[in-house]
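Visitor: Take this structure first; my questions come after.
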Amino acid sequence: MFRLDNKVAVVIGGAGGLGEACALALAQQGAKVVIASRTLEKLQDTARKIQSVANAEITAMQVDVISESSTDHLVEQVLQKFQTVDILVNAHGLNAKMPAIDIDFNKWDVLFATNVKGVMVACKSFGKVMIEKKKGKIINLSSVRGIRGTDGGNTTYGATKGAVDMVTRMLAAEWAPYNINVNAIGASVVMTEALKKALTPERLQLLLSKTLFKKFATPQDIAAACVYLASTEADYVTGQIMYIDGGLTAIG
């Protein structure tokens, strides 16, 4: 179960913590993986690291996901190399914490451009290929903040993830006739080294107290959900936000 042999997967944001974990997991299940983002050098380092662990075919390609022409070019490159694409993972995203009365709307626009427009641009560009072949899997990385409020200046971020959730549902409905599954992963706090540095111990303890299991998610938890949604075992799953949250959304 959950094998992805000979499938072609594109992970946008594949050099980030969650993107890298998803790319590695897809590769370990047999997929040929393209990781893409704006910084090619970092992508190439990540590709070598994944290659050393998974012993699979990993390709780094550059893209500016908020540019439709850049994303269309990425599609062309993928098709030139692999002739098809089966799986798209939108793992890119930004966060900038701002109290609501101090919101910088320039930063607001940047977050919406990256987190929402970037997802839609990628879905549009790769969706054309999937519609033509009448088959595909799209997985967007969202957040529990798309449906659950919190303090700490997360209004802008939460608004973008709420939008990602609705884009996911709308595309699932529109593209179901083409046998395309569109789902999202709603992650809670995922423990990474960057997170440890960004938050105080007090803040981390507060966030921890809101989960039923009293532990944070790991990148591998998110990657496991990604593999499931990409697999044939999830062929009957679409329009869903899969919450990998340690029970946070179960208790409000």
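Naming works like this for the structure tokens: A, B, ... for the chains as they're shown, residue 1 at the start of each chain, ligands 1 onward in shown order.
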If we count only C-alpha atoms and set the cut-off at 10 Å, which residues sit around Val110 of chain A, ignoring sequence neighbours fewer than 5 positions away in its own chain? Please answer as a PyMOL selection string.

Guide: chain A and resi 66+94-96+105+115-117

Visitor: Those residues you just picked out, can you put them in a file as a PDB file, in the first residue's frame with C-alpha atoms?

Guide:
```pdb
ATOM      1  CA  ILE A  66       3.576  33.845  -7.915  1.00  0.00           C
ATOM      2  CA  LEU A  94       5.196  32.555   4.534  1.00  0.00           C
ATOM      3  CA  ASN A  95       4.146  33.875   7.923  1.00  0.00           C
ATOM      4  CA  ALA A  96       4.542  37.312   9.428  1.00  0.00           C
ATOM      5  CA  PHE A 105      -0.644  45.884   4.304  1.00  0.00           C
ATOM      6  CA  ASN A 115       0.249  31.657   0.303  1.00  0.00           C
ATOM      7  CA  VAL A 116      -2.890  32.019  -1.835  1.00  0.00           C
ATOM      8  CA  LYS A 117      -2.050  33.306  -5.307  1.00  0.00           C
TER       9      LYS A 117
END
```

Visitor: Quick one: pick out all alpha helix (DSSP H) residues within segment 20-252 of chain A from a backbone DSSP run and write them as a ChimeraX atom specification.

Guide: /A:20-28,40-54,68-82,105-112,118-133,155-175,193-198,201-209,219-230

Visitor: List every residue of segment 87-154 of chain A that has an atom at most 7 Å from any atom of segment 159-177 of chain A, and for each one report the closest atom pair and its distance in Å to one decimal, counting only C-alpha atoms, with rows sorted by chain and then by increasing residue number, as CSV.

Guide:
```
residue,atom,partner,partner_atom,distance
A:Phe112,CA,A:Thr160,CA,5.8
A:Asn115,CA,A:Thr160,CA,6.1
A:Val116,CA,A:Val164,CA,5.8
A:Ser142,CA,A:Lys161,CA,5.5
A:Ser143,CA,A:Lys161,CA,6.1
A:Arg145,CA,A:Lys161,CA,6.5
A:Gly146,CA,A:Gly162,CA,3.9
A:Ile147,CA,A:Gly162,CA,6.5
```

Visitor: DSSP on the backbone: which residues in segment 209-251 of chain A end up as strand (DSSP E)? Give the answer as a VMD selection string.

Guide: chain A and resid 241 to 244

Visitor: With N, CA and C atoms retained, export the selected residues as a CSV table (one decimal), in the first residue's frame.

Guide:
```csv
chain,number,residue,atom,x,y,z
A,241,ILE,N,-9.8,18.7,4.1
A,241,ILE,CA,-8.6,19.3,4.8
A,241,ILE,C,-8.3,18.3,5.9
A,242,MET,N,-7.2,17.6,5.7
A,242,MET,CA,-6.8,16.5,6.7
A,242,MET,C,-6.0,17.2,7.8
A,243,TYR,N,-6.6,17.2,9.0
A,243,TYR,CA,-5.9,17.9,10.1
A,243,TYR,C,-4.9,16.9,10.8
A,244,ILE,N,-3.7,17.3,10.8
A,244,ILE,CA,-2.6,16.6,11.5
A,244,ILE,C,-2.2,17.5,12.6
```

Visitor: List every residue of segment 103-142 of chain A that has an atom at most 6 Å from any atom of segment 79-88 of chain A, giving for each one its closest atom pair and the distance in Å to one decimal, counting only C-alpha atoms, sorted by chain and then by ascending residue number, as a tab-separated table.

Guide:
```
residue	atom	partner	partner_atom	distance
A:Gly136	CA	A:Asp86	CA	5.0
A:Lys137	CA	A:Ile87	CA	4.7
A:Ile138	CA	A:Leu88	CA	4.8
```

Visitor: Show me, as a list in words, the residues that have an atom within 10 Å of Leu74 of chain A when counting only C-alpha atoms, minus same-chain residues fewer than 5 positions from it.

Guide: Val10, Val34, Ala36, Met61, Gln62, Val63, Asp64, Val65, Glu68, Ser69, Leu79, Gln80, Ala122, Ser125 and Phe126 of chain A
